[in-house]
$ cat my_file-v7.pdb   # PDB, C-alpha atoms (C1' of nucleotides)
MODEL        1
ATOM      1  CA  MET A   1      46.900 -93.658 -85.542
ATOM      2  CA  ARG A   2      49.789 -92.934 -83.275
ATOM      3  CA  ALA A   3      52.478 -93.362 -85.899
ATOM      4  CA  ASP A   4      50.809 -90.676 -87.917
ATOM      5  CA  ALA A   5      50.916 -88.207 -85.055
ATOM      6  CA  GLN A   6      54.492 -89.119 -84.309
ATOM      7  CA  ARG A   7      55.499 -88.297 -87.860
ATOM      8  CA  LEU A   8      53.714 -84.956 -87.698
ATOM      9  CA  ASN A   9      55.515 -84.166 -84.451
ATOM     10  CA  ARG A  10      58.837 -84.825 -86.074
ATOM     11  CA  VAL A  11      58.105 -82.966 -89.289
ATOM     12  CA  TYR A  12      56.733 -79.838 -87.644
ATOM     13  CA  GLY A  13      59.467 -80.001 -85.063
ATOM     14  CA  ALA A  14      62.041 -80.205 -87.825
ATOM     15  CA  ILE A  15      60.773 -77.197 -89.738
ATOM     16  CA  ALA A  16      60.336 -75.174 -86.557
ATOM     17  CA  ASP A  17      64.038 -74.402 -86.693
ATOM     18  CA  PRO A  18      65.153 -71.685 -89.129
ATOM     19  CA  THR A  19      68.511 -73.338 -89.780
ATOM     20  CA  ARG A  20      66.768 -76.497 -90.873
ATOM     21  CA  ARG A  21      64.285 -74.595 -93.014
ATOM     22  CA  THR A  22      67.201 -72.962 -94.779
ATOM     23  CA  MET A  23      68.795 -76.364 -95.265
ATOM     24  CA  LEU A  24      65.663 -77.673 -96.900
ATOM     25  CA  GLY A  25      65.754 -74.688 -99.224
ATOM     26  CA  MET A  26      69.329 -75.498-100.157
ATOM     27  CA  LEU A  27      68.388 -79.048-100.945
ATOM     28  CA  ALA A  28      65.814 -77.932-103.458
ATOM     29  CA  GLY A  29      68.356 -77.879-106.254
ATOM     30  CA  GLY A  30      69.276 -81.536-105.951
ATOM     31  CA  GLU A  31      71.786 -83.530-103.963
ATOM     32  CA  VAL A  32      74.253 -81.892-101.653
ATOM     33  CA  THR A  33      76.849 -83.252 -99.256
ATOM     34  CA  VAL A  34      76.850 -82.531 -95.552
ATOM     35  CA  GLY A  35      80.097 -80.630 -95.966
ATOM     36  CA  THR A  36      78.728 -78.362 -98.675
ATOM     37  CA  LEU A  37      75.789 -77.620 -96.457
ATOM     38  CA  ALA A  38      78.075 -76.912 -93.528
ATOM     39  CA  GLU A  39      80.065 -74.298 -95.434
ATOM     40  CA  ARG A  40      77.072 -71.992 -95.476
ATOM     41  CA  PHE A  41      76.280 -71.971 -91.774
ATOM     42  CA  PRO A  42      78.015 -70.112 -89.014
ATOM     43  CA  ILE A  43      77.960 -73.140 -86.759
ATOM     44  CA  SER A  44      80.318 -76.062 -86.467
ATOM     45  CA  PHE A  45      80.352 -78.970 -88.852
ATOM     46  CA  ASN A  46      79.060 -81.160 -86.060
ATOM     47  CA  GLY A  47      76.193 -78.802 -85.425
ATOM     48  CA  VAL A  48      75.197 -79.127 -89.055
ATOM     49  CA  SER A  49      75.547 -82.884 -88.870
ATOM     50  CA  LYS A  50      73.091 -82.951 -85.988
ATOM     51  CA  HIS A  51      70.549 -80.834 -87.837
ATOM     52  CA  VAL A  52      70.818 -83.162 -90.792
ATOM     53  CA  LYS A  53      70.070 -86.079 -88.548
ATOM     54  CA  VAL A  54      66.926 -84.369 -87.300
ATOM     55  CA  LEU A  55      65.760 -83.782 -90.865
ATOM     56  CA  GLU A  56      66.570 -87.370 -91.701
ATOM     57  CA  GLN A  57      64.579 -88.730 -88.786
ATOM     58  CA  ALA A  58      61.642 -86.601 -89.785
ATOM     59  CA  GLY A  59      61.871 -88.351 -93.131
ATOM     60  CA  LEU A  60      62.482 -85.072 -94.911
ATOM     61  CA  VAL A  61      65.940 -85.965 -96.084
ATOM     62  CA  ARG A  62      67.427 -89.148 -97.385
ATOM     63  CA  ARG A  63      71.079 -89.921 -96.988
ATOM     64  CA  LYS A  64      73.154 -91.864 -99.438
ATOM     65  CA  VAL A  65      76.735 -92.637 -98.579
ATOM     66  CA  ARG A  66      79.088 -92.569-101.527
ATOM     67  CA  GLY A  67      82.650 -93.138-100.451
ATOM     68  CA  ARG A  68      83.514 -90.790 -97.658
ATOM     69  CA  GLU A  69      80.829 -88.292 -98.561
ATOM     70  CA  HIS A  70      77.206 -88.389 -97.476
ATOM     71  CA  TRP A  71      74.877 -87.055-100.140
ATOM     72  CA  LEU A  72      71.550 -85.682 -99.044
ATOM     73  CA  ARG A  73      68.376 -85.582-101.037
ATOM     74  CA  LEU A  74      65.025 -84.047-100.207
ATOM     75  CA  ARG A  75      62.041 -86.307 -99.637
ATOM     76  CA  PRO A  76      58.859 -84.283-100.200
ATOM     77  CA  ALA A  77      56.372 -86.908 -99.049
ATOM     78  CA  PRO A  78      56.316 -85.984 -95.339
ATOM     79  CA  LEU A  79      55.821 -82.345 -96.251
ATOM     80  CA  ARG A  80      52.775 -83.348 -98.213
ATOM     81  CA  GLU A  81      51.366 -85.068 -95.169
ATOM     82  CA  ALA A  82      52.147 -82.085 -92.980
ATOM     83  CA  THR A  83      50.460 -79.756 -95.420
ATOM     84  CA  ARG A  84      47.431 -81.964 -95.463
ATOM     85  CA  TRP A  85      46.920 -81.659 -91.723
ATOM     86  CA  LEU A  86      47.409 -77.912 -91.787
ATOM     87  CA  ASP A  87      45.171 -77.404 -94.783
ATOM     88  CA  HIS A  88      42.414 -79.490 -93.346
ATOM     89  CA  TYR A  89      42.115 -77.249 -90.313
ATOM     90  CA  ARG A  90      43.153 -74.012 -91.905
ATOM     91  CA  GLU A  91      40.515 -74.130 -94.588
ATOM     92  CA  PHE A  92      37.847 -74.906 -92.094
ATOM     93  CA  TRP A  93      38.962 -72.105 -89.848
ATOM     94  CA  ASP A  94      39.439 -69.630 -92.621
ATOM     95  CA  THR A  95      35.885 -69.880 -93.775
ATOM     96  CA  ARG A  96      34.224 -70.578 -90.526
ATOM     97  CA  LEU A  97      36.170 -68.580 -88.007
ATOM     98  CA  ASP A  98      36.503 -65.384 -89.939
ATOM     99  CA  ALA A  99      32.746 -65.228 -90.012
ATOM    100  CA  LEU A 100      32.566 -66.054 -86.352
ATOM    101  CA  GLU A 101      35.091 -63.398 -85.502
ATOM    102  CA  ASN A 102      33.201 -60.754 -87.414
ATOM    103  CA  PHE A 103      30.032 -61.768 -85.700
ATOM    104  CA  LEU A 104      31.567 -61.604 -82.256
ATOM    105  CA  VAL A 105      33.329 -58.322 -82.862
ATOM    106  CA  GLN A 106      30.088 -56.790 -84.046
ATOM    107  CA  GLN A 107      28.295 -58.081 -81.023
ATOM    108  CA  GLU A 108      30.924 -56.551 -78.839
ATOM    109  CA  GLU A 109      30.642 -53.220 -80.544
ATOM    110  CA  ARG A 110      26.919 -53.278 -80.180
ATOM    111  CA  SER A 111      27.041 -53.926 -76.465
ATOM    112  CA  THR A 112      29.775 -51.417 -75.693
ATOM    113  CA  SER A 113      28.815 -48.468 -77.893
ATOM    114  CA  LYS A 114      25.125 -48.497 -77.064
ATOM    115  CA  GLY A 115      23.794 -48.952 -73.580
ATOM    116  CA  ARG A 116      22.328 -52.270 -72.614
ATOM    117  CA  ARG A 117      18.722 -52.295 -73.627
ATOM    118  CA  PRO A 118      16.106 -53.268 -71.052
ATOM    119  CA  GLY A 119      14.594 -56.708 -71.264
ATOM    120  CA  ARG A 120      17.644 -58.099 -72.935
ATOM    121  CA  ARG A 121      19.440 -61.087 -71.543
ATOM    122  CA  SER A 122      22.899 -59.738 -70.908
ATOM    123  CA  GLY A 123      25.362 -62.270 -72.209
ATOM    124  CA  ARG A 124      27.864 -61.599 -69.479
TER     125      ARG A 124
ATOM    126  CA  MET T   1      62.623 -60.165 -92.232
ATOM    127  CA  ARG T   2      63.639 -61.801 -89.007
ATOM    128  CA  ALA T   3      60.275 -61.269 -87.326
ATOM    129  CA  ASP T   4      58.771 -63.401 -90.028
ATOM    130  CA  ALA T   5      61.093 -66.293 -89.311
ATOM    131  CA  GLN T   6      60.492 -65.891 -85.599
ATOM    132  CA  ARG T   7      56.778 -66.236 -86.095
ATOM    133  CA  LEU T   8      57.231 -69.342 -88.218
ATOM    134  CA  ASN T   9      59.448 -70.852 -85.512
ATOM    135  CA  ARG T  10      56.739 -70.297 -82.958
ATOM    136  CA  VAL T  11      53.876 -71.531 -85.094
ATOM    137  CA  TYR T  12      55.593 -74.705 -86.264
ATOM    138  CA  GLY T  13      56.921 -75.255 -82.792
ATOM    139  CA  ALA T  14      53.414 -74.900 -81.398
ATOM    140  CA  ILE T  15      51.833 -77.413 -83.748
ATOM    141  CA  ALA T  16      54.713 -79.855 -83.319
ATOM    142  CA  ASP T  17      53.060 -80.989 -80.089
ATOM    143  CA  PRO T  18      50.110 -83.387 -80.410
ATOM    144  CA  THR T  19      48.404 -82.049 -77.294
ATOM    145  CA  ARG T  20      48.397 -78.583 -78.774
ATOM    146  CA  ARG T  21      47.188 -79.822 -82.139
ATOM    147  CA  THR T  22      44.284 -81.473 -80.382
ATOM    148  CA  MET T  23      43.591 -78.238 -78.538
ATOM    149  CA  LEU T  24      43.416 -76.342 -81.798
ATOM    150  CA  GLY T  25      40.949 -78.903 -83.041
ATOM    151  CA  MET T  26      38.815 -78.362 -79.972
ATOM    152  CA  LEU T  27      38.801 -74.659 -80.537
ATOM    153  CA  ALA T  28      37.362 -75.052 -83.993
ATOM    154  CA  GLY T  29      33.826 -74.953 -82.678
ATOM    155  CA  GLY T  30      34.102 -71.520 -81.131
ATOM    156  CA  GLU T  31      35.191 -70.173 -77.779
ATOM    157  CA  VAL T  32      36.212 -72.434 -74.948
ATOM    158  CA  THR T  33      37.577 -71.775 -71.470
ATOM    159  CA  VAL T  34      40.898 -73.069 -70.240
ATOM    160  CA  GLY T  35      39.071 -75.227 -67.733
ATOM    161  CA  THR T  36      36.888 -76.872 -70.350
ATOM    162  CA  LEU T  37      39.979 -77.611 -72.352
ATOM    163  CA  ALA T  38      41.712 -79.026 -69.296
ATOM    164  CA  GLU T  39      38.923 -81.519 -68.617
ATOM    165  CA  ARG T  40      39.803 -83.427 -71.739
ATOM    166  CA  PHE T  41      43.482 -83.950 -71.146
ATOM    167  CA  PRO T  42      45.166 -86.422 -68.859
ATOM    168  CA  ILE T  43      47.592 -83.808 -67.611
ATOM    169  CA  SER T  44      47.293 -81.269 -64.828
ATOM    170  CA  PHE T  45      45.393 -78.031 -65.181
ATOM    171  CA  ASN T  46      48.690 -76.221 -64.964
ATOM    172  CA  GLY T  47      50.094 -78.253 -67.780
ATOM    173  CA  VAL T  48      47.165 -77.241 -69.946
ATOM    174  CA  SER T  49      47.598 -73.631 -68.943
ATOM    175  CA  LYS T  50      51.176 -73.752 -70.156
ATOM    176  CA  HIS T  51      50.206 -75.244 -73.505
ATOM    177  CA  VAL T  52      47.644 -72.510 -73.950
ATOM    178  CA  LYS T  53      50.305 -69.923 -73.331
ATOM    179  CA  VAL T  54      52.468 -71.440 -76.056
ATOM    180  CA  LEU T  55      49.574 -71.318 -78.509
ATOM    181  CA  GLU T  56      48.872 -67.755 -77.490
ATOM    182  CA  GLN T  57      52.454 -66.663 -78.032
ATOM    183  CA  ALA T  58      52.454 -68.270 -81.438
ATOM    184  CA  GLY T  59      49.457 -66.043 -82.161
ATOM    185  CA  LEU T  60      47.242 -69.051 -82.771
ATOM    186  CA  VAL T  61      44.937 -68.365 -79.890
ATOM    187  CA  ARG T  62      43.495 -65.217 -78.487
ATOM    188  CA  ARG T  63      42.533 -64.929 -74.863
ATOM    189  CA  LYS T  64      39.682 -62.873 -73.530
ATOM    190  CA  VAL T  65      39.186 -62.659 -69.787
ATOM    191  CA  ARG T  66      35.575 -62.529 -68.694
ATOM    192  CA  GLY T  67      35.237 -62.584 -64.972
ATOM    193  CA  ARG T  68      37.229 -65.408 -63.540
ATOM    194  CA  GLU T  69      37.206 -67.408 -66.732
ATOM    195  CA  HIS T  70      39.584 -67.061 -69.647
ATOM    196  CA  TRP T  71      37.895 -67.677 -72.980
ATOM    197  CA  LEU T  72      40.031 -68.815 -75.867
ATOM    198  CA  ARG T  73      39.408 -68.226 -79.518
ATOM    199  CA  LEU T  74      41.293 -69.472 -82.543
ATOM    200  CA  ARG T  75      43.191 -67.020 -84.714
ATOM    201  CA  PRO T  76      43.680 -68.547 -88.158
ATOM    202  CA  ALA T  77      45.982 -65.873 -89.593
ATOM    203  CA  PRO T  78      49.303 -67.376 -88.446
ATOM    204  CA  LEU T  79      48.257 -70.740 -89.825
ATOM    205  CA  ARG T  80      47.750 -69.116 -93.168
ATOM    206  CA  GLU T  81      51.273 -67.765 -93.073
ATOM    207  CA  ALA T  82      52.657 -71.134 -92.040
ATOM    208  CA  THR T  83      50.819 -72.839 -94.854
ATOM    209  CA  ARG T  84      52.182 -70.329 -97.287
ATOM    210  CA  TRP T  85      55.774 -71.194 -96.443
ATOM    211  CA  LEU T  86      55.111 -74.907 -96.622
ATOM    212  CA  ASP T  87      53.178 -74.671 -99.852
ATOM    213  CA  HIS T  88      55.788 -72.565-101.517
ATOM    214  CA  TYR T  89      58.425 -75.218-101.039
ATOM    215  CA  ARG T  90      56.225 -78.256-101.196
ATOM    216  CA  GLU T  91      54.795 -77.413-104.583
ATOM    217  CA  PHE T  92      58.194 -76.762-105.986
ATOM    218  CA  TRP T  93      59.523 -80.006-104.587
ATOM    219  CA  ASP T  94      56.516 -82.027-105.557
ATOM    220  CA  THR T  95      56.881 -81.238-109.200
ATOM    221  CA  ARG T  96      60.584 -80.936-109.435
ATOM    222  CA  LEU T  97      61.880 -83.523-107.018
ATOM    223  CA  ASP T  98      59.592 -86.354-107.896
ATOM    224  CA  ALA T  99      60.988 -86.201-111.376
ATOM    225  CA  LEU T 100      64.505 -86.012-110.041
ATOM    226  CA  GLU T 101      63.928 -88.955-107.748
ATOM    227  CA  ASN T 102      62.598 -91.112-110.526
ATOM    228  CA  PHE T 103      65.554 -90.217-112.637
ATOM    229  CA  LEU T 104      68.038 -91.054-109.921
ATOM    230  CA  VAL T 105      66.354 -94.263-108.905
ATOM    231  CA  GLN T 106      66.395 -95.435-112.493
ATOM    232  CA  GLN T 107      70.027 -94.597-112.779
ATOM    233  CA  GLU T 108      70.724 -96.583-109.681
ATOM    234  CA  GLU T 109      68.826 -99.587-110.880
ATOM    235  CA  ARG T 110      70.781 -99.491-114.054
ATOM    236  CA  SER T 111      74.106 -99.521-112.235
ATOM    237  CA  THR T 112      73.289-102.079-109.539
ATOM    238  CA  SER T 113      71.425-104.604-111.623
ATOM    239  CA  LYS T 114      74.529-105.131-113.693
ATOM    240  CA  GLY T 115      76.447-106.123-110.600
ATOM    241  CA  ARG T 116      78.839-103.288-110.945
ATOM    242  CA  ARG T 117      79.571-102.727-107.320
ATOM    243  CA  PRO T 118      82.475-100.532-106.538
ATOM    244  CA  GLY T 119      85.438-102.128-104.823
ATOM    245  CA  ARG T 120      84.066-103.741-101.740
ATOM    246  CA  ARG T 121      86.030-103.601 -98.540
ATOM    247  CA  SER T 122      83.937-105.049 -95.828
ATOM    248  CA  GLY T 123      83.317-102.993 -92.806
ATOM    249  CA  ARG T 124      85.239-103.054 -89.543
TER     250      ARG T 124
ATOM    251  C1'  DA C   1      33.077 -60.943 -45.293
ATOM    252  C1'  DC C   2      33.870 -65.738 -46.585
ATOM    253  C1'  DG C   3      34.523 -69.702 -49.037
ATOM    254  C1'  DA C   4      34.479 -71.881 -53.518
ATOM    255  C1'  DC C   5      36.146 -71.415 -58.066
ATOM    256  C1'  DA C   6      39.182 -70.381 -62.400
ATOM    257  C1'  DT C   7      43.286 -69.271 -63.392
ATOM    258  C1'  DT C   8      48.249 -67.747 -63.336
ATOM    259  C1'  DC C   9      52.765 -67.498 -61.045
ATOM    260  C1'  DT C  10      56.763 -69.585 -58.925
ATOM    261  C1'  DA C  11      59.594 -73.268 -58.113
ATOM    262  C1'  DC C  12      61.133 -77.556 -59.124
ATOM    263  C1'  DC C  13      62.267 -81.914 -61.864
ATOM    264  C1'  DA C  14      63.470 -84.812 -65.900
ATOM    265  C1'  DT C  15      64.350 -84.893 -70.469
ATOM    266  C1'  DA C  16      65.147 -82.719 -75.086
ATOM    267  C1'  DT C  17      67.585 -79.392 -77.951
ATOM    268  C1'  DG C  18      71.231 -76.735 -80.074
ATOM    269  C1'  DG C  19      75.612 -75.897 -79.595
ATOM    270  C1'  DT C  20      80.658 -77.010 -78.627
ATOM    271  C1'  DT C  21      85.158 -79.911 -78.678
ATOM    272  C1'  DG C  22      87.850 -84.017 -79.226
ATOM    273  C1'  DA C  23      88.271 -88.810 -80.578
ATOM    274  C1'  DA C  24      87.022 -92.476 -83.766
ATOM    275  C1'  DT C  25      85.916 -94.464 -88.402
ATOM    276  C1'  DA C  26      86.162 -94.903 -93.181
ATOM    277  C1'  DT C  27      87.869 -93.313 -97.673
ATOM    278  C1'  DT C  28      90.772 -91.094-100.959
ATOM    279  C1'  DT C  29      95.352 -89.592-102.336
ATOM    280  C1'  DG C  30     100.461 -89.326-102.332
TER     281       DG C  30
ATOM    282  C1'  DC O   1     101.681 -97.239 -95.429
ATOM    283  C1'  DA O   2     100.768 -92.490 -94.129
ATOM    284  C1'  DA O   3      98.414 -88.188 -94.489
ATOM    285  C1'  DA O   4      94.506 -85.671 -95.615
ATOM    286  C1'  DT O   5      89.537 -85.646 -95.946
ATOM    287  C1'  DA O   6      84.455 -86.378 -94.765
ATOM    288  C1'  DT O   7      81.878 -87.637 -91.542
ATOM    289  C1'  DT O   8      79.795 -89.667 -87.145
ATOM    290  C1'  DC O   9      80.110 -90.666 -82.167
ATOM    291  C1'  DA O  10      80.691 -89.433 -77.358
ATOM    292  C1'  DA O  11      80.829 -86.270 -73.830
ATOM    293  C1'  DC O  12      79.716 -82.063 -72.178
ATOM    294  C1'  DC O  13      77.236 -77.470 -71.397
ATOM    295  C1'  DA O  14      73.415 -74.092 -71.341
ATOM    296  C1'  DT O  15      68.893 -73.386 -72.204
ATOM    297  C1'  DA O  16      64.160 -74.865 -73.543
ATOM    298  C1'  DT O  17      60.286 -77.944 -72.869
ATOM    299  C1'  DG O  18      56.643 -80.620 -70.737
ATOM    300  C1'  DG O  19      55.293 -82.003 -66.667
ATOM    301  C1'  DT O  20      54.281 -81.592 -61.512
ATOM    302  C1'  DA O  21      52.781 -79.233 -56.907
ATOM    303  C1'  DG O  22      51.732 -75.388 -54.120
ATOM    304  C1'  DA O  23      50.985 -70.378 -53.362
ATOM    305  C1'  DA O  24      48.896 -66.200 -55.006
ATOM    306  C1'  DT O  25      45.304 -63.491 -57.492
ATOM    307  C1'  DG O  26      40.969 -62.268 -58.798
ATOM    308  C1'  DT O  27      35.904 -63.251 -59.151
ATOM    309  C1'  DC O  28      31.470 -65.275 -57.976
ATOM    310  C1'  DG O  29      27.792 -66.776 -54.810
ATOM    311  C1'  DT O  30      25.960 -66.651 -50.227
TER     312       DT O  30
ENDMDL
END

$ encode --input "my_file-v7.pdb" --output "C-alpha cells"
Amino acid sequence: MRADAQRLNRVYGAIADPTRRTMLGMLAGGEVTVGTLAERFPISFNGVSKHVKVLEQAGLVRRKVRGREHWLRLRPAPLREATRWLDHYREFWDTRLDALENFLVQQEERSTSKGRRPGRRSGR
Amino acid sequence: MRADAQRLNRVYGAIADPTRRTMLGMLAGGEVTVGTLAERFPISFNGVSKHVKVLEQAGLVRRKVRGREHWLRLRPAPLREATRWLDHYREFWDTRLDALENFLVQQEERSTSKGRRPGRRSGR
DNA sequence: ACGACATTCTACCATATGGTTGAATATTTG
DNA sequence: CAAATATTCAACCATATGGTAGAATGTCGT
C-alpha cells in the first residue's frame, strides 16, 4: 500500500532530525506546550513551531488547543509501525547476513593468503 | 556523543526514502551490482548511483569494486543502532503513554458529555 | 589498440528543508 | 477597550535532496 509507505517516509524523515528526536524525548513526560518546548532550543520560536508541525504530520504528535496555548502529546502508534518495518528487515539481516559476511570474509582470506590452487575455478 | 547522533541522522534519513528502502530489501539476498539494482527502478542509472551513495554514507551498504563492477553488500550494524534508539523510546511510550492517553481521553469524555463547553466565541 | 561496458563525476534544475523576521490571529489580563 | 501573551502564517534565504544529461574514468573482450 502506498499510504503505508508514505507514513513511513514521514516518520523516518521526522526522526532523522536531532532536534525533533530531542523534542520527542521531552514529550515523554506528558503534555507540553509549544512555548515550553521552544524555551529549550537555541532556535527561534517559529523554528520550533515548524518542527512541531513536521512531527504532527508524521502522526507522532497530537495537538490540542486550549485557549491560546497549544498542548502537544506524543502518539506512539506510528513509532510502532516504524519499528515493525525496521525489525522485520533487521532481524532477517542480523541472522542471515552476519553468517554471509563471515563466509565471504573467510573466502577472501583463503584466496588472498594462499595462492590460487590449480584446477580451481577462480571466482573473479 | 555527537557522532552517535550524526549516524542516526544519516541512517533515519536514508531509510526515509522508499526507493532506498526497496534497495535495502533487494540487498537482503546477498551481493548485487549497482547496475542490477538500477534495472529495477524507473529512474536513471545516475539517480540510482546517488541513492547508493547515500546508503553507503549511512553505513548501511558496503561497496566492493571488482573490475568494472561495484558490488554492494548490506551492513546490518547501523540498523541495529537505529532500532535501539527507537526501541528505547517506543517501549517506554507504549507502556506509559497508552495509559496516559486512556486517562486523558476519559477525562475529556467526562467533561464534554456534560455539555460543559467553555465560553464559546465563534471564530473570525 | 579499440570499442563496448559499468560506473562515477560535474553541472544543472526543481523542489524540500531548516532557519530567519515580521505581520496576523486569537486569548487572557488589567 | 487595550496591552500582553501564545501561536501560526507568509515571505524570504541558504542549503540539501532527488532527479536529469553529458563527460570522464577504468575495465573487459576482440

$ residues_around --input "my_file-v7.pdb" --residues "DA10 (chain O)" --least-positions-apart "2" --cutoff "12 Å" --atoms "all atoms listed in the file" --output "PyMOL selection string"
(chain C and resi 21-24) or (chain O and resi 8+12)

$ closest_atom_pairs --input "my_file-v7.pdb" --of "chain A" --to "chain T" --cutoff "6 Å" --atoms "only C-alpha atoms" --output "tab-separated table"
residue	atom	partner	partner_atom	distance
A:Asn9	CA	T:Ala16	CA	4.5
A:Tyr12	CA	T:Ala16	CA	4.8
A:Gly13	CA	T:Ala16	CA	5.1
A:Ala16	CA	T:Asn9	CA	4.5
A:Asp17	CA	T:Asn9	CA	5.9

$ write_last_selection --input "my_file-v7.pdb" --atoms "C-alpha atoms" --output "PDB file, keeping the file's coordinate frame"
ATOM      1  CA  ASN A   9      55.515 -84.166 -84.451  1.00  0.00           C
ATOM      2  CA  TYR A  12      56.733 -79.838 -87.644  1.00  0.00           C
ATOM      3  CA  GLY A  13      59.467 -80.001 -85.063  1.00  0.00           C
ATOM      4  CA  ALA A  16      60.336 -75.174 -86.557  1.00  0.00           C
ATOM      5  CA  ASP A  17      64.038 -74.402 -86.693  1.00  0.00           C
TER       6      ASP A  17
END

$ residues_around --input "my_file-v7.pdb" --residues "DC5 (chain C)" --least-positions-apart "5" --cutoff "10 Å" --atoms "all atoms listed in the file" --output "CSV table (one decimal) with C-alpha atoms (C1' of nucleotides), in the coordinates of the input"
chain,number,residue,atom,x,y,z
T,68,ARG,CA,37.2,-65.4,-63.5
T,69,GLU,CA,37.2,-67.4,-66.7
O,27,DT,C1',35.9,-63.3,-59.2
O,28,DC,C1',31.5,-65.3,-58.0

$ interface_residues --input "my_file-v7.pdb" --of "chain C" --to "chain A" --cutoff "12 Å" --atoms "all atoms listed in the file" --output "ChimeraX atom specification"
/C:16-22,25-28

$ write_last_selection --input "my_file-v7.pdb" --atoms "C-alpha atoms (C1' of nucleotides)" --output "PDB file, in the coordinates of the input"
ATOM      1  C1'  DA C  16      65.147 -82.719 -75.086  1.00  0.00           C
ATOM      2  C1'  DT C  17      67.585 -79.392 -77.951  1.00  0.00           C
ATOM      3  C1'  DG C  18      71.231 -76.735 -80.074  1.00  0.00           C
ATOM      4  C1'  DG C  19      75.612 -75.897 -79.595  1.00  0.00           C
ATOM      5  C1'  DT C  20      80.658 -77.010 -78.627  1.00  0.00           C
ATOM      6  C1'  DT C  21      85.158 -79.911 -78.678  1.00  0.00           C
ATOM      7  C1'  DG C  22      87.850 -84.017 -79.226  1.00  0.00           C
ATOM      8  C1'  DT C  25      85.916 -94.464 -88.402  1.00  0.00           C
ATOM      9  C1'  DA C  26      86.162 -94.903 -93.181  1.00  0.00           C
ATOM     10  C1'  DT C  27      87.869 -93.313 -97.673  1.00  0.00           C
ATOM     11  C1'  DT C  28      90.772 -91.094-100.959  1.00  0.00           C
TER      12       DT C  28
END

$ interface_residues --input "my_file-v7.pdb" --of "chain O" --to "chain A" --cutoff "9 Å" --atoms "only C-alpha atoms (C1' of nucleotides)" --output "number ranges by chain"
O: 5-8

$ write_last_selection --input "my_file-v7.pdb" --atoms "C-alpha atoms (C1' of nucleotides)" --output "PDB file, in the coordinates of the input"
ATOM      1  C1'  DT O   5      89.537 -85.646 -95.946  1.00  0.00           C
ATOM      2  C1'  DA O   6      84.455 -86.378 -94.765  1.00  0.00           C
ATOM      3  C1'  DT O   7      81.878 -87.637 -91.542  1.00  0.00           C
ATOM      4  C1'  DT O   8      79.795 -89.667 -87.145  1.00  0.00           C
TER       5       DT O   8
END

$ residues_around --input "my_file-v7.pdb" --residues "DC9 (chain C)" --least-positions-apart "3" --cutoff "10 Å" --atoms "all atoms listed in the file" --output "PyMOL selection string"
chain O and resi 23-25

$ atom_distance --input "my_file-v7.pdb" --atom1 "CA of Leu72 (chain T)" --atom2 "CA of Lys53 (chain T)"
10.6 Å

$ resolve_selection --input "my_file-v7.pdb" --expression "the PyMOL selection byres ((chain O and resi 17) around 10)" --output "ChimeraX atom specification"
/C:15-17 /O:15-16,18-19

$ closest_residue --input "my_file-v7.pdb" --among "A:Thr36, A:Thr19, A:Ala3, A:Glu81" --to "Leu60 (chain A)" --atoms "only C-alpha atoms"
A:Glu81

$ axis_aligned_box --input "my_file-v7.pdb" --around "region 65-76 of chain A" --padding-each-side "5 Å" --output "JSON"
{"center_x": 71.2, "center_y": -88.6, "center_z": -99.5, "size_x": 34.7, "size_y": 19.1, "size_z": 14.1}

$ atom_distance --input "my_file-v7.pdb" --atom1 "CA of Arg40 (chain A)" --atom2 "CA of Ala58 (chain T)"
28.6 Å

$ atom_distance --input "my_file-v7.pdb" --atom1 "CA of Leu55 (chain A)" --atom2 "CA of Arg2 (chain A)"
19.9 Å

$ resolve_selection --input "my_file-v7.pdb" --expression "the PyMOL selection byres ((chain C and resi 11) around 12)" --output "MDAnalysis selection string"
(chainID C and resid 9:10 12:13) or (chainID O and resid 20:23)

$ closest_residue --input "my_file-v7.pdb" --among "A:Val32, A:Met26, A:Arg20, A:Trp71" --to "Val48 (chain A)" --atoms "only C-alpha atoms"
A:Arg20
